[in-house]
$ cat input06.txt   # compact mmCIF, C-alpha atoms and all ligand atoms
# COMPACT_ATOMS: atom_id res chain seq x y z
CA MET A 1 -23.33 -7.18 -26.06
CA ALA A 2 -20.40 -8.36 -28.17
CA MET A 3 -20.85 -12.05 -27.40
CA ASP A 4 -23.60 -14.57 -27.21
CA PRO A 5 -24.04 -15.95 -23.68
CA ASP A 6 -22.52 -19.37 -24.49
CA THR A 7 -19.34 -17.81 -25.88
CA LEU A 8 -19.04 -15.65 -22.77
CA VAL A 9 -19.38 -18.72 -20.53
CA GLN A 10 -16.67 -20.45 -22.59
CA LEU A 11 -14.39 -17.40 -22.42
CA CYS A 12 -14.77 -17.22 -18.64
CA ALA A 13 -14.04 -20.96 -18.32
CA THR A 14 -10.90 -20.57 -20.45
CA LEU A 15 -9.76 -17.63 -18.32
CA ARG A 16 -10.38 -19.60 -15.13
CA ARG A 17 -8.23 -22.44 -16.45
CA PHE A 18 -5.48 -20.00 -17.43
CA VAL A 19 -5.54 -18.50 -13.93
CA ASP A 20 -5.55 -21.88 -12.16
CA GLU A 21 -3.01 -23.63 -14.39
CA GLN A 22 -0.63 -20.80 -15.34
CA LEU A 23 -0.98 -17.72 -13.17
CA ILE A 24 -1.54 -18.92 -9.60
CA PRO A 25 1.29 -21.50 -9.82
CA ALA A 26 3.65 -18.70 -11.00
CA GLU A 27 2.76 -16.25 -8.20
CA ALA A 28 5.72 -17.10 -5.98
CA GLU A 29 8.16 -16.80 -8.89
CA VAL A 30 6.72 -13.43 -9.93
CA ALA A 31 6.83 -12.10 -6.36
CA GLU A 32 10.42 -13.26 -5.99
CA THR A 33 11.77 -12.05 -9.35
CA ASP A 34 9.56 -8.93 -9.68
CA ALA A 35 8.93 -9.94 -13.30
CA ILE A 36 6.22 -11.75 -15.23
CA PRO A 37 7.80 -14.57 -17.26
CA GLU A 38 7.69 -14.07 -21.03
CA ARG A 39 5.84 -17.40 -21.49
CA ILE A 40 2.96 -15.97 -19.46
CA VAL A 41 2.90 -12.67 -21.34
CA ALA A 42 2.85 -14.69 -24.59
CA GLY A 43 -0.09 -16.70 -23.22
CA MET A 44 -1.91 -13.46 -22.43
CA ARG A 45 -1.39 -12.25 -26.00
CA GLU A 46 -2.61 -15.56 -27.40
CA LEU A 47 -5.79 -15.36 -25.33
CA GLY A 48 -6.41 -11.82 -26.57
CA LEU A 49 -6.24 -10.32 -23.08
CA PHE A 50 -4.65 -7.06 -24.26
CA GLY A 51 -7.60 -6.51 -26.58
CA LEU A 52 -10.52 -7.53 -24.36
CA THR A 53 -12.21 -4.15 -24.73
CA ALA A 54 -10.71 -2.67 -27.90
CA PRO A 55 -13.42 -2.39 -30.57
CA GLU A 56 -13.68 -5.40 -32.85
CA GLU A 57 -12.96 -3.30 -35.96
CA TYR A 58 -9.49 -2.67 -34.47
CA GLY A 59 -8.79 -6.30 -33.67
CA GLY A 60 -10.12 -6.42 -30.10
CA LEU A 61 -12.89 -8.55 -28.61
CA GLY A 62 -14.99 -5.40 -28.04
CA LEU A 63 -16.38 -6.65 -24.75
CA ALA A 64 -19.26 -4.68 -23.30
CA MET A 65 -18.85 -3.54 -19.68
CA GLU A 66 -20.81 -6.47 -18.25
CA GLU A 67 -18.72 -8.92 -20.27
CA GLU A 68 -15.52 -7.15 -19.25
CA VAL A 69 -16.31 -7.39 -15.54
CA MET A 70 -17.22 -11.08 -15.92
CA ALA A 71 -13.81 -11.69 -17.52
CA ILE A 72 -12.06 -9.66 -14.82
CA PHE A 73 -13.87 -11.56 -12.02
CA GLU A 74 -11.94 -14.58 -13.34
CA LEU A 75 -8.60 -12.92 -14.08
CA GLY A 76 -8.71 -11.00 -10.79
CA ARG A 77 -8.38 -14.28 -8.89
CA ALA A 78 -4.65 -14.34 -9.62
CA ALA A 79 -2.23 -11.99 -7.84
CA PRO A 80 -3.01 -8.49 -9.14
CA ALA A 81 0.39 -8.00 -10.81
CA PHE A 82 -0.71 -10.33 -13.63
CA ARG A 83 -3.78 -8.20 -14.40
CA SER A 84 -1.65 -5.06 -14.43
CA MET A 85 0.36 -6.42 -17.35
CA PHE A 86 -2.56 -6.23 -19.79
CA ALA A 87 -5.01 -4.03 -17.88
CA THR A 88 -3.63 -0.66 -18.96
CA ASN A 89 -4.29 -1.77 -22.56
CA VAL A 90 -7.81 -2.85 -21.64
CA GLY A 91 -8.48 0.24 -19.57
CA ILE A 92 -6.80 3.52 -18.74
CA GLY A 93 -3.93 3.26 -21.25
CA MET A 94 -6.24 2.68 -24.22
CA GLN A 95 -9.65 4.15 -23.38
CA GLY A 96 -8.69 7.81 -23.81
CA ILE A 97 -8.07 7.12 -27.50
CA ALA A 98 -11.00 4.70 -27.83
CA ILE A 99 -13.48 7.13 -26.23
CA ASP A 100 -12.29 10.52 -27.45
CA GLY A 101 -9.61 9.89 -30.12
CA THR A 102 -9.90 11.01 -33.74
CA PRO A 103 -10.47 8.27 -36.37
CA GLU A 104 -6.79 8.63 -37.35
CA GLN A 105 -5.60 8.17 -33.74
CA LYS A 106 -7.80 5.11 -33.34
CA ALA A 107 -6.57 3.56 -36.59
CA LYS A 108 -2.95 4.29 -35.70
CA TYR A 109 -2.88 2.91 -32.15
CA LEU A 110 -5.84 0.66 -31.31
CA PRO A 111 -4.84 -2.39 -33.39
CA ARG A 112 -1.36 -2.50 -31.82
CA LEU A 113 -2.76 -1.93 -28.34
CA ALA A 114 -5.34 -4.68 -28.90
CA SER A 115 -2.69 -7.21 -29.94
CA GLY A 116 -0.40 -6.32 -27.05
CA GLU A 117 2.38 -5.33 -29.45
CA LEU A 118 2.16 -1.85 -27.91
CA ILE A 119 1.66 -1.23 -24.18
CA GLY A 120 -0.36 1.85 -23.24
CA SER A 121 -0.01 3.90 -20.03
CA PHE A 122 -2.12 6.66 -18.49
CA ALA A 123 -0.14 9.66 -17.27
CA LEU A 124 -2.30 11.91 -15.10
CA THR A 125 -0.74 11.91 -11.60
CA GLU A 126 2.18 14.24 -10.83
CA PRO A 127 4.45 14.73 -7.82
CA ASP A 128 2.17 17.54 -6.50
CA VAL A 129 -1.07 16.51 -8.20
CA GLY A 130 -2.71 13.30 -7.04
CA SER A 131 -6.34 13.38 -5.95
CA ASP A 132 -6.69 16.97 -7.16
CA ALA A 133 -6.37 15.85 -10.76
CA GLY A 134 -7.79 19.08 -12.20
CA SER A 135 -4.69 20.98 -11.05
CA VAL A 136 -2.32 19.33 -13.55
CA LYS A 137 0.92 21.34 -13.72
CA ALA A 138 2.54 19.69 -16.76
CA THR A 139 2.30 22.09 -19.69
CA ALA A 140 1.86 21.72 -23.43
CA ARG A 141 2.74 24.79 -25.48
CA ARG A 142 1.74 24.99 -29.12
CA ASP A 143 4.69 25.62 -31.43
CA GLY A 144 3.64 25.60 -35.09
CA ASP A 145 2.74 22.03 -36.04
CA PHE A 146 3.98 20.73 -32.69
CA TYR A 147 3.28 20.85 -28.99
CA VAL A 148 6.14 21.12 -26.52
CA LEU A 149 5.44 19.27 -23.26
CA ASN A 150 7.11 19.86 -19.90
CA GLY A 151 6.49 18.26 -16.51
CA THR A 152 6.80 15.05 -14.52
CA LYS A 153 4.18 12.32 -14.26
CA ARG A 154 4.38 10.04 -11.23
CA PHE A 155 3.44 6.42 -10.37
CA ILE A 156 2.67 5.61 -13.99
CA THR A 157 1.66 1.95 -14.16
CA ASN A 158 3.44 -0.02 -16.88
CA ALA A 159 5.51 3.02 -17.92
CA PRO A 160 8.72 0.94 -18.04
CA HIS A 161 7.05 -1.28 -20.70
CA ALA A 162 4.90 1.31 -22.45
CA GLY A 163 5.22 2.42 -26.04
CA LEU A 164 2.40 4.94 -25.76
CA PHE A 165 1.35 7.36 -23.01
CA THR A 166 -1.93 9.23 -22.63
CA VAL A 167 -0.51 12.41 -21.09
CA MET A 168 -2.67 15.08 -19.48
CA ALA A 169 -1.04 18.51 -19.75
CA ARG A 170 -2.18 22.12 -19.45
CA THR A 171 -2.57 23.86 -22.82
CA ASP A 172 -4.11 26.99 -21.32
CA PRO A 173 -1.87 28.40 -18.58
CA GLY A 174 -4.42 31.15 -17.93
CA GLN A 175 -6.98 28.52 -16.94
CA LYS A 176 -5.87 26.99 -13.62
CA GLY A 177 -8.65 24.38 -13.33
CA ALA A 178 -9.79 21.35 -15.25
CA ALA A 179 -10.84 23.33 -18.34
CA GLY A 180 -7.22 24.18 -19.23
CA VAL A 181 -6.11 20.53 -19.50
CA SER A 182 -5.69 18.57 -22.75
CA ALA A 183 -4.83 14.92 -23.41
CA PHE A 184 -2.03 13.80 -25.73
CA ALA A 185 -1.00 10.47 -27.23
CA VAL A 186 2.77 10.55 -26.69
CA GLU A 187 4.99 7.84 -28.12
CA ARG A 188 7.89 6.34 -26.17
CA GLY A 189 10.48 7.60 -28.65
CA ALA A 190 9.34 11.25 -28.57
CA PRO A 191 12.38 13.52 -28.14
CA GLY A 192 12.51 14.86 -24.57
CA LEU A 193 10.64 11.93 -22.98
CA SER A 194 12.53 9.87 -20.41
CA LEU A 195 11.65 7.49 -17.59
CA GLY A 196 12.58 7.43 -13.92
CA LYS A 197 13.72 4.35 -12.01
CA PRO A 198 11.01 1.74 -11.28
CA GLU A 199 9.66 2.33 -7.74
CA LYS A 200 10.07 -0.26 -4.98
CA LYS A 201 6.55 -1.00 -3.80
CA MET A 202 4.77 -2.56 -0.79
CA GLY A 203 3.23 -5.29 -2.96
CA GLN A 204 2.19 -6.28 -6.48
CA GLN A 205 5.76 -7.24 -7.42
CA GLY A 206 5.87 -7.90 -11.15
CA ALA A 207 3.81 -4.76 -11.88
CA HIS A 208 6.02 -1.77 -12.53
CA VAL A 209 5.57 1.96 -12.03
CA CYS A 210 7.93 4.87 -12.61
CA ASP A 211 8.04 8.58 -13.41
CA VAL A 212 7.57 9.82 -16.96
CA ILE A 213 9.67 12.94 -17.43
CA LEU A 214 8.89 15.44 -20.18
CA GLU A 215 11.61 17.98 -20.95
CA ASP A 216 10.77 20.10 -23.98
CA CYS A 217 9.20 16.94 -25.35
CA ARG A 218 8.06 17.65 -28.92
CA VAL A 219 5.03 15.87 -30.28
CA PRO A 220 3.17 16.56 -33.52
CA ALA A 221 -0.03 18.60 -33.15
CA SER A 222 -1.88 15.49 -34.35
CA ALA A 223 -1.08 13.89 -30.95
CA LEU A 224 -3.77 16.04 -29.28
CA ILE A 225 -6.45 13.46 -28.42
CA GLY A 226 -9.69 14.33 -30.18
CA GLY A 227 -7.98 17.28 -31.89
CA VAL A 228 -9.53 19.84 -29.52
CA GLU A 229 -7.79 21.57 -26.61
CA GLY A 230 -9.30 21.78 -23.13
CA ARG A 231 -11.05 18.41 -23.13
CA GLY A 232 -8.31 16.34 -21.49
CA PHE A 233 -9.65 16.38 -17.95
CA LYS A 234 -13.06 15.19 -19.09
CA THR A 235 -11.40 12.47 -21.17
CA ALA A 236 -9.49 11.41 -18.04
CA MET A 237 -12.67 11.35 -15.94
CA LYS A 238 -14.54 9.25 -18.53
CA VAL A 239 -11.61 6.83 -18.64
CA LEU A 240 -11.63 6.60 -14.84
CA ASP A 241 -15.41 6.00 -14.63
CA LYS A 242 -14.88 2.88 -16.69
CA GLY A 243 -11.55 2.06 -15.04
CA ARG A 244 -13.09 2.15 -11.58
CA LEU A 245 -15.64 -0.49 -12.53
CA HIS A 246 -12.83 -2.62 -13.91
CA ILE A 247 -10.86 -2.23 -10.66
CA ALA A 248 -13.96 -3.07 -8.64
CA ALA A 249 -14.30 -6.29 -10.66
CA ALA A 250 -10.63 -7.10 -10.00
CA CYS A 251 -11.32 -6.64 -6.27
CA VAL A 252 -14.24 -9.09 -6.49
CA GLY A 253 -12.05 -11.66 -8.24
CA LEU A 254 -9.32 -11.38 -5.65
CA ALA A 255 -11.83 -11.41 -2.77
CA GLU A 256 -13.38 -14.66 -4.04
CA ARG A 257 -9.95 -16.24 -4.49
CA ILE A 258 -8.88 -15.26 -0.97
CA ILE A 259 -12.10 -16.67 0.49
CA ASP A 260 -11.36 -19.98 -1.25
CA ASP A 261 -7.84 -19.96 0.20
CA MET A 262 -9.25 -19.15 3.64
CA LEU A 263 -11.71 -22.03 3.57
CA ASP A 264 -9.25 -24.52 2.06
CA TYR A 265 -6.97 -23.77 4.97
CA ALA A 266 -9.77 -23.80 7.57
CA VAL A 267 -11.09 -27.25 6.63
CA ALA A 268 -7.59 -28.79 6.57
CA ARG A 269 -5.93 -27.17 9.59
CA ARG A 270 -6.84 -28.66 13.00
CA GLN A 271 -6.59 -27.11 16.44
CA PHE A 272 -8.05 -28.41 19.71
CA GLY A 273 -8.75 -31.65 17.83
CA ARG A 274 -11.11 -30.06 15.29
CA PRO A 275 -10.77 -28.28 11.94
CA LEU A 276 -10.61 -24.47 12.14
CA ALA A 277 -13.82 -24.40 10.10
CA ASP A 278 -15.72 -25.68 13.16
CA PHE A 279 -14.93 -22.65 15.31
CA GLN A 280 -17.69 -20.08 15.49
CA LEU A 281 -15.43 -17.05 15.92
CA LEU A 282 -13.80 -17.94 12.59
CA GLN A 283 -17.14 -18.83 11.01
CA ALA A 284 -18.21 -15.21 11.55
CA MET A 285 -15.19 -14.13 9.51
CA PHE A 286 -16.06 -16.58 6.71
CA ALA A 287 -19.67 -15.40 6.60
CA ASP A 288 -18.79 -11.69 6.68
CA SER A 289 -16.26 -12.26 3.89
CA ARG A 290 -18.71 -14.14 1.70
CA ALA A 291 -21.43 -11.51 2.17
CA ASP A 292 -18.91 -8.72 1.43
CA ALA A 293 -17.76 -10.39 -1.78
CA TYR A 294 -21.31 -11.19 -2.87
CA ALA A 295 -22.45 -7.61 -2.30
CA ALA A 296 -19.44 -6.30 -4.23
CA ARG A 297 -20.14 -8.69 -7.15
CA CYS A 298 -23.78 -7.59 -7.31
CA MET A 299 -22.83 -3.89 -7.27
CA VAL A 300 -20.28 -4.30 -10.05
CA LEU A 301 -22.70 -6.24 -12.25
CA ASP A 302 -25.53 -3.77 -11.68
CA ALA A 303 -23.33 -0.76 -12.47
CA ALA A 304 -21.88 -2.51 -15.54
CA ARG A 305 -25.35 -3.31 -16.89
CA LYS A 306 -26.47 0.28 -16.34
CA ARG A 307 -23.39 1.54 -18.20
CA ASP A 308 -24.11 -0.84 -21.08
CA ALA A 309 -27.65 0.56 -21.16
CA GLY A 310 -26.15 4.01 -21.79
CA ARG A 311 -26.65 5.41 -18.29
CA ASP A 312 -24.18 7.76 -16.59
CA VAL A 313 -22.73 5.54 -13.86
CA GLY A 314 -20.23 7.88 -12.18
CA LEU A 315 -21.97 7.41 -8.82
CA GLU A 316 -22.36 3.65 -9.22
CA ALA A 317 -18.77 3.14 -10.46
CA SER A 318 -17.38 5.07 -7.49
CA SER A 319 -19.68 3.19 -5.08
CA ALA A 320 -18.60 -0.16 -6.49
CA LYS A 321 -14.90 0.78 -6.47
CA MET A 322 -15.12 2.07 -2.90
CA PHE A 323 -17.07 -0.89 -1.55
CA ALA A 324 -15.20 -3.63 -3.41
CA SER A 325 -11.73 -2.27 -2.60
CA GLU A 326 -12.57 -1.82 1.07
CA ALA A 327 -14.17 -5.29 1.12
CA VAL A 328 -11.15 -7.05 -0.37
CA GLY A 329 -8.99 -5.25 2.19
CA ARG A 330 -11.14 -6.62 5.04
CA ILE A 331 -11.13 -10.10 3.50
CA ALA A 332 -7.35 -10.15 2.94
CA ASP A 333 -6.91 -9.09 6.57
CA ARG A 334 -9.24 -11.84 7.88
CA ASN A 335 -7.36 -14.37 5.76
CA VAL A 336 -4.10 -13.49 7.52
CA GLN A 337 -5.91 -13.87 10.86
CA VAL A 338 -7.41 -17.25 9.96
CA HIS A 339 -3.93 -18.44 8.95
CA GLY A 340 -2.56 -17.37 12.36
CA GLY A 341 1.25 -17.43 12.49
CA ASN A 342 1.33 -18.96 9.02
CA GLY A 343 -0.48 -15.86 7.76
CA TYR A 344 2.64 -13.84 8.43
CA ILE A 345 4.93 -16.25 6.57
CA ARG A 346 5.65 -15.73 2.89
CA GLU A 347 5.19 -19.37 1.88
CA TYR A 348 1.44 -19.22 2.60
CA ARG A 349 0.63 -16.28 0.22
CA ALA A 350 -1.87 -14.77 2.70
CA GLU A 351 0.63 -12.03 3.55
CA GLN A 352 1.38 -11.32 -0.12
CA LEU A 353 -2.28 -10.98 -1.08
CA TYR A 354 -2.80 -8.73 1.97
CA ARG A 355 -0.06 -6.39 0.73
CA ASP A 356 -1.22 -6.66 -2.89
CA ALA A 357 -4.83 -5.79 -2.01
CA ARG A 358 -3.84 -2.61 -0.18
CA LEU A 359 -3.29 -0.69 -3.40
CA PHE A 360 -6.90 -1.11 -4.56
CA ARG A 361 -8.06 1.47 -2.00
CA ILE A 362 -5.64 4.03 -3.44
CA TYR A 363 -5.20 3.90 -7.20
CA GLU A 364 -7.73 5.08 -9.79
CA GLY A 365 -9.04 7.34 -7.02
CA THR A 366 -8.77 6.80 -3.27
CA THR A 367 -11.76 5.75 -1.18
CA GLN A 368 -12.01 9.37 -0.06
CA ILE A 369 -12.20 10.59 -3.68
CA GLN A 370 -14.96 8.03 -4.36
CA GLN A 371 -16.84 9.41 -1.34
CA ILE A 372 -16.55 12.94 -2.72
CA ILE A 373 -17.83 11.86 -6.14
CA ILE A 374 -20.75 9.93 -4.62
CA ALA A 375 -21.74 12.76 -2.27
CA LYS A 376 -21.51 15.38 -5.07
CA ALA A 377 -23.80 13.28 -7.25
CA MET A 378 -26.24 12.82 -4.38
CA ALA A 379 -26.39 16.59 -3.78
CA ALA A 380 -26.95 17.14 -7.51
CA GLU A 381 -29.87 14.65 -7.44
CA ALA A 382 -31.32 16.42 -4.39
CA ARG A 383 -31.08 19.80 -6.11
CA VAL A 384 -32.99 18.39 -9.09
CA ARG A 385 -35.67 16.97 -6.75
CA ALA A 386 -35.97 20.33 -5.03
CA GLY A 387 -36.05 22.20 -8.33
CA LEU A 388 -32.99 24.27 -7.29
N1 LIG B 1 -17.25 12.39 -16.85
C1 LIG B 1 -17.30 13.48 -17.66
N2 LIG B 1 -17.04 14.75 -17.20
C2 LIG B 1 -16.73 14.89 -15.90
C3 LIG B 1 -16.68 13.79 -15.01
C4 LIG B 1 -16.96 12.50 -15.52
N3 LIG B 1 -16.93 11.43 -14.75
N4 LIG B 1 -16.34 14.23 -13.78
C5 LIG B 1 -16.21 15.59 -13.88
N5 LIG B 1 -16.45 15.96 -15.16
C6 LIG B 1 -16.44 17.32 -15.69
C7 LIG B 1 -17.38 18.19 -14.88
O1 LIG B 1 -18.72 18.10 -15.37
C8 LIG B 1 -16.79 19.58 -15.06
O2 LIG B 1 -17.20 20.06 -16.32
P1 LIG B 1 -17.72 21.58 -16.52
O3 LIG B 1 -16.59 22.44 -16.04
O4 LIG B 1 -17.97 21.68 -17.99
O5 LIG B 1 -18.93 21.69 -15.66
C9 LIG B 1 -15.28 19.31 -15.12
O6 LIG B 1 -15.15 17.93 -15.51
C10 LIG B 1 -14.60 19.53 -13.79
O7 LIG B 1 -15.27 18.72 -12.84
P2 LIG B 1 -15.17 18.95 -11.26
O8 LIG B 1 -15.44 20.42 -10.97
O9 LIG B 1 -16.01 17.94 -10.57
O10 LIG B 1 -13.62 18.70 -11.00
P3 LIG B 1 -12.77 18.73 -9.68
O11 LIG B 1 -11.54 19.47 -9.96
O12 LIG B 1 -13.63 19.14 -8.51
O13 LIG B 1 -12.32 17.19 -9.51
C11 LIG B 1 -12.48 14.89 -8.79
C12 LIG B 1 -13.18 16.17 -9.35
C13 LIG B 1 -11.94 15.08 -7.38
C14 LIG B 1 -13.56 13.84 -8.82
C15 LIG B 1 -11.33 14.47 -9.77
O14 LIG B 1 -10.25 15.39 -9.67
C16 LIG B 1 -10.79 13.08 -9.49
O15 LIG B 1 -11.38 12.09 -9.94
N6 LIG B 1 -9.68 12.97 -8.76
C17 LIG B 1 -9.02 11.67 -8.54
C18 LIG B 1 -8.09 11.39 -9.67
C19 LIG B 1 -7.66 9.96 -9.64
O16 LIG B 1 -8.46 9.04 -9.64
N7 LIG B 1 -6.36 9.75 -9.63
C20 LIG B 1 -5.82 8.42 -9.60
C21 LIG B 1 -4.70 8.31 -10.53
S1 LIG B 1 -5.17 8.10 -12.15
S2 LIG B 1 -4.94 6.17 -12.36

$ encode --input "input06.txt" --output "structure tokens"
Amino acid sequence: MAMDPDTLVQLCATLRRFVDEQLIPAEAEVAETDAIPERIVAGMRELGLFGLTAPEEYGGLGLAMEEEVMAIFELGRAAPAFRSMFATNVGIGMQGIAIDGTPEQKAKYLPRLASGELIGSFALTEPDVGSDAGSVKATARRDGDFYVLNGTKRFITNAPHAGLFTVMARTDPGQKGAAGVSAFAVERGAPGLSLGKPEKKMGQQGAHVCDVILEDCRVPASALIGGVEGRGFKTAMKVLDKGRLHIAAACVGLAERIIDDMLDYAVARRQFGRPLADFQLLQAMFADSRADAYAARCMVLDAARKRDAGRDVGLEASSAKMFASEAVGRIADRNVQVHGGNGYIREYRAEQLYRDARLFRIYEGTTQIQQIIIAKAMAAEARVRAGL
């Protein structure tokens, strides 16, 4: 663990105050303007949010997984667009280099990612390659001391703000599967790199995604993450194992926030001469929501502790991501129902959080991909038991 327990409690209390005093009051503005105000981004930098997980030697807080999920339980209570601002630096946009980068790559990029001076993005998905991530079509051809990259990366979170992209591209065209893929640290200014228009999305306004287009994009050979070809898919999978636990924690945070909103409304709003909280049909929704959120919190903490203990938690991370993202979807839906007609009206935020929560079941691996990963791991365990 990077922190003593008292410091962690203090950090979580500080984050809760930041969420309650700065982020939640700005939600309507962010949803309306599709932008996070600079004063809030500055506050995030001051709190060290961009460097929560970067190793301490590179200027980060070096949080262990359990500490990270505790912090994200708090930060996840605000509309998810806020978390997106710094989360690629904490997770998928930084971890490729932190986990598999060479010492030179770490020294070059991690301090600036940790401070938030540089925004990192993770470029795996393509127009024709989503869940089937091993089929990456983008190519990287070696040309002397350079690689030349071609292809399009799609739905890249934070790409409009990013200064650095972890790009997965195929270095071995003869190898159609995962083994032919390598990861590259590509800087924003690389010749041949351009960005598409930011996408208009269902929710999470204030968080931006766009295409990253690589046209004969030349990067020095030293941009190959880890310095060895053919390891990029595994780097991506390791990043996602950790990322999925982070997302699961964000789902828990949002679920707990929505339950608070639901109950605040239910004790204040009266129908038939009594508060909504008195009605048993609604009480069932409150209880189911609380149990869902509690189960999700326990799963995330258990998986995080196992990861900190050095265990392979692919199965647990996928289970937590699947359960927590489905749970927050159910809870956001119940919250709209409890709010009745007001649940459909923008002013009440229930409808925004419902739209925002929908993405959790899709990105960093859909629920169906998590099911595949879990079932594959179960079959592998059974084969070991059977000695096959
Ligand atoms: N950690 C380390 N290595 C891993 C791994 C992990 N979590 N998961 C797989 N690998 C390795 C495998 O061990 C295998 O290595 P060997 O060839 O040496 O045995 C290699 O990677 C290929 O694995 P696999 O055969 O399981 O790959 P598949 O092509 O079947 O793909 C899924 C597996 C579907 C799980 C993967 O493509 C995936 O996660 N897809 C979803 C991608 C995603 O989340 N996209 C969201 C956008 S990114 S924000």

$ atom_distance --input "input06.txt" --atom1 "CA of Arg154 (chain A)" --atom2 "CA of Pro127 (chain A)"
5.8 Å

$ residues_near_ligand --input "input06.txt" --ligand "ligand LIG 1 (chain B)" --cutoff "8 Å" --atoms "all atoms listed in the file" --output "short mmCIF file (atom, residue, chain, number, x, y, z; two decimals) with C-alpha atoms, in the coordinates of the input"
data_model
loop_
_atom_site.label_atom_id
_atom_site.label_comp_id
_atom_site.auth_asym_id
_atom_site.auth_seq_id
_atom_site.Cartn_x
_atom_site.Cartn_y
_atom_site.Cartn_z
CA ILE A 92 -6.80 3.52 -18.74
CA PHE A 122 -2.12 6.66 -18.49
CA ALA A 123 -0.14 9.66 -17.27
CA LEU A 124 -2.30 11.91 -15.10
CA THR A 125 -0.74 11.91 -11.60
CA GLY A 130 -2.71 13.30 -7.04
CA SER A 131 -6.34 13.38 -5.95
CA ASP A 132 -6.69 16.97 -7.16
CA ALA A 133 -6.37 15.85 -10.76
CA GLY A 134 -7.79 19.08 -12.20
CA SER A 135 -4.69 20.98 -11.05
CA ILE A 156 2.67 5.61 -13.99
CA GLY A 177 -8.65 24.38 -13.33
CA ALA A 178 -9.79 21.35 -15.25
CA ALA A 179 -10.84 23.33 -18.34
CA PHE A 233 -9.65 16.38 -17.95
CA LYS A 234 -13.06 15.19 -19.09
CA THR A 235 -11.40 12.47 -21.17
CA ALA A 236 -9.49 11.41 -18.04
CA MET A 237 -12.67 11.35 -15.94
CA LYS A 238 -14.54 9.25 -18.53
CA LEU A 240 -11.63 6.60 -14.84
CA ASP A 241 -15.41 6.00 -14.63
CA GLY A 314 -20.23 7.88 -12.18
CA ILE A 362 -5.64 4.03 -3.44
CA TYR A 363 -5.20 3.90 -7.20
CA GLU A 364 -7.73 5.08 -9.79
CA GLY A 365 -9.04 7.34 -7.02
CA THR A 366 -8.77 6.80 -3.27
CA ILE A 369 -12.20 10.59 -3.68
CA GLN A 370 -14.96 8.03 -4.36
CA ILE A 372 -16.55 12.94 -2.72
CA ILE A 373 -17.83 11.86 -6.14
#

$ closest_residue --input "input06.txt" --among "A:Ala295, A:Asp145, A:Leu113, A:Ala81" --to "Met94 (chain A)" --atoms "all atoms listed in the file"
A:Leu113

$ closest_residue --input "input06.txt" --among "A:Gly180, A:Pro220, A:Gly253, A:Pro111" --to "Leu52 (chain A)" --atoms "only C-alpha atoms"
A:Pro111

$ closest_atom_pairs --input "input06.txt" --of "region 128-181 of chain A" --to "region 198-213 of chain A" --cutoff "7 Å" --atoms "only C-alpha atoms" --output "tab-separated table"
residue	atom	partner	partner_atom	distance
A:Gly151	CA	A:Ile213	CA	6.3
A:Thr152	CA	A:Ile213	CA	4.6
A:Lys153	CA	A:Val212	CA	5.0
A:Arg154	CA	A:Asp211	CA	4.5
A:Phe155	CA	A:Val209	CA	5.2
A:Ile156	CA	A:Val209	CA	5.1
A:Thr157	CA	A:Val209	CA	4.5
A:Asn158	CA	A:His208	CA	5.4
A:Ala159	CA	A:Val209	CA	6.0
A:Pro160	CA	A:His208	CA	6.7

$ atom_distance --input "input06.txt" --atom1 "CA of Ala249 (chain A)" --atom2 "CA of Phe73 (chain A)"
5.5 Å

$ atom_distance --input "input06.txt" --atom1 "CA of Met70 (chain A)" --atom2 "CA of Tyr294 (chain A)"
13.7 Å

$ residues_around --input "input06.txt" --residues "region 307-309 of chain A" --least-positions-apart "2" --cutoff "9 Å" --atoms "all atoms listed in the file" --output "PyMOL selection string"
chain A and resi 1+64-66+242+302-305+311-313

$ residues_around --input "input06.txt" --residues "Asp143 (chain A)" --least-positions-apart "5" --cutoff "12 Å" --atoms "all atoms listed in the file" --output "count of residues only"
9

$ closest_residue --input "input06.txt" --among "A:Ala71, A:Leu61, A:Ala79, A:Ala138" --to "Glu27 (chain A)" --atoms "all atoms listed in the file"
A:Ala79

$ closest_residue --input "input06.txt" --among "A:Glu21, A:Glu29, A:Asp4, A:Glu256" --to "Glu74 (chain A)" --atoms "all atoms listed in the file"
A:Glu256

$ closest_residue --input "input06.txt" --among "A:Ile97, A:Ala255, A:Ala350, A:Leu63" --to "Asn335 (chain A)" --atoms "all atoms listed in the file"
A:Ala350

$ residues_around --input "input06.txt" --residues "Gln352 (chain A)" --least-positions-apart "4" --cutoff "12 Å" --atoms "only C-alpha atoms" --output "compact mmCIF listing (two decimals) with C-alpha atoms, in the frame of the given file"
# COMPACT_ATOMS: atom_id res chain seq x y z
CA GLU A 27 2.76 -16.25 -8.20
CA ALA A 28 5.72 -17.10 -5.98
CA VAL A 30 6.72 -13.43 -9.93
CA ALA A 31 6.83 -12.10 -6.36
CA GLU A 32 10.42 -13.26 -5.99
CA ALA A 78 -4.65 -14.34 -9.62
CA ALA A 79 -2.23 -11.99 -7.84
CA PRO A 80 -3.01 -8.49 -9.14
CA ALA A 81 0.39 -8.00 -10.81
CA MET A 202 4.77 -2.56 -0.79
CA GLY A 203 3.23 -5.29 -2.96
CA GLN A 204 2.19 -6.28 -6.48
CA GLN A 205 5.76 -7.24 -7.42
CA ILE A 258 -8.88 -15.26 -0.97
CA ALA A 332 -7.35 -10.15 2.94
CA ASP A 333 -6.91 -9.09 6.57
CA ASN A 335 -7.36 -14.37 5.76
CA VAL A 336 -4.10 -13.49 7.52
CA ASN A 342 1.33 -18.96 9.02
CA GLY A 343 -0.48 -15.86 7.76
CA TYR A 344 2.64 -13.84 8.43
CA ILE A 345 4.93 -16.25 6.57
CA ARG A 346 5.65 -15.73 2.89
CA GLU A 347 5.19 -19.37 1.88
CA TYR A 348 1.44 -19.22 2.60
CA ASP A 356 -1.22 -6.66 -2.89
CA ALA A 357 -4.83 -5.79 -2.01
CA ARG A 358 -3.84 -2.61 -0.18
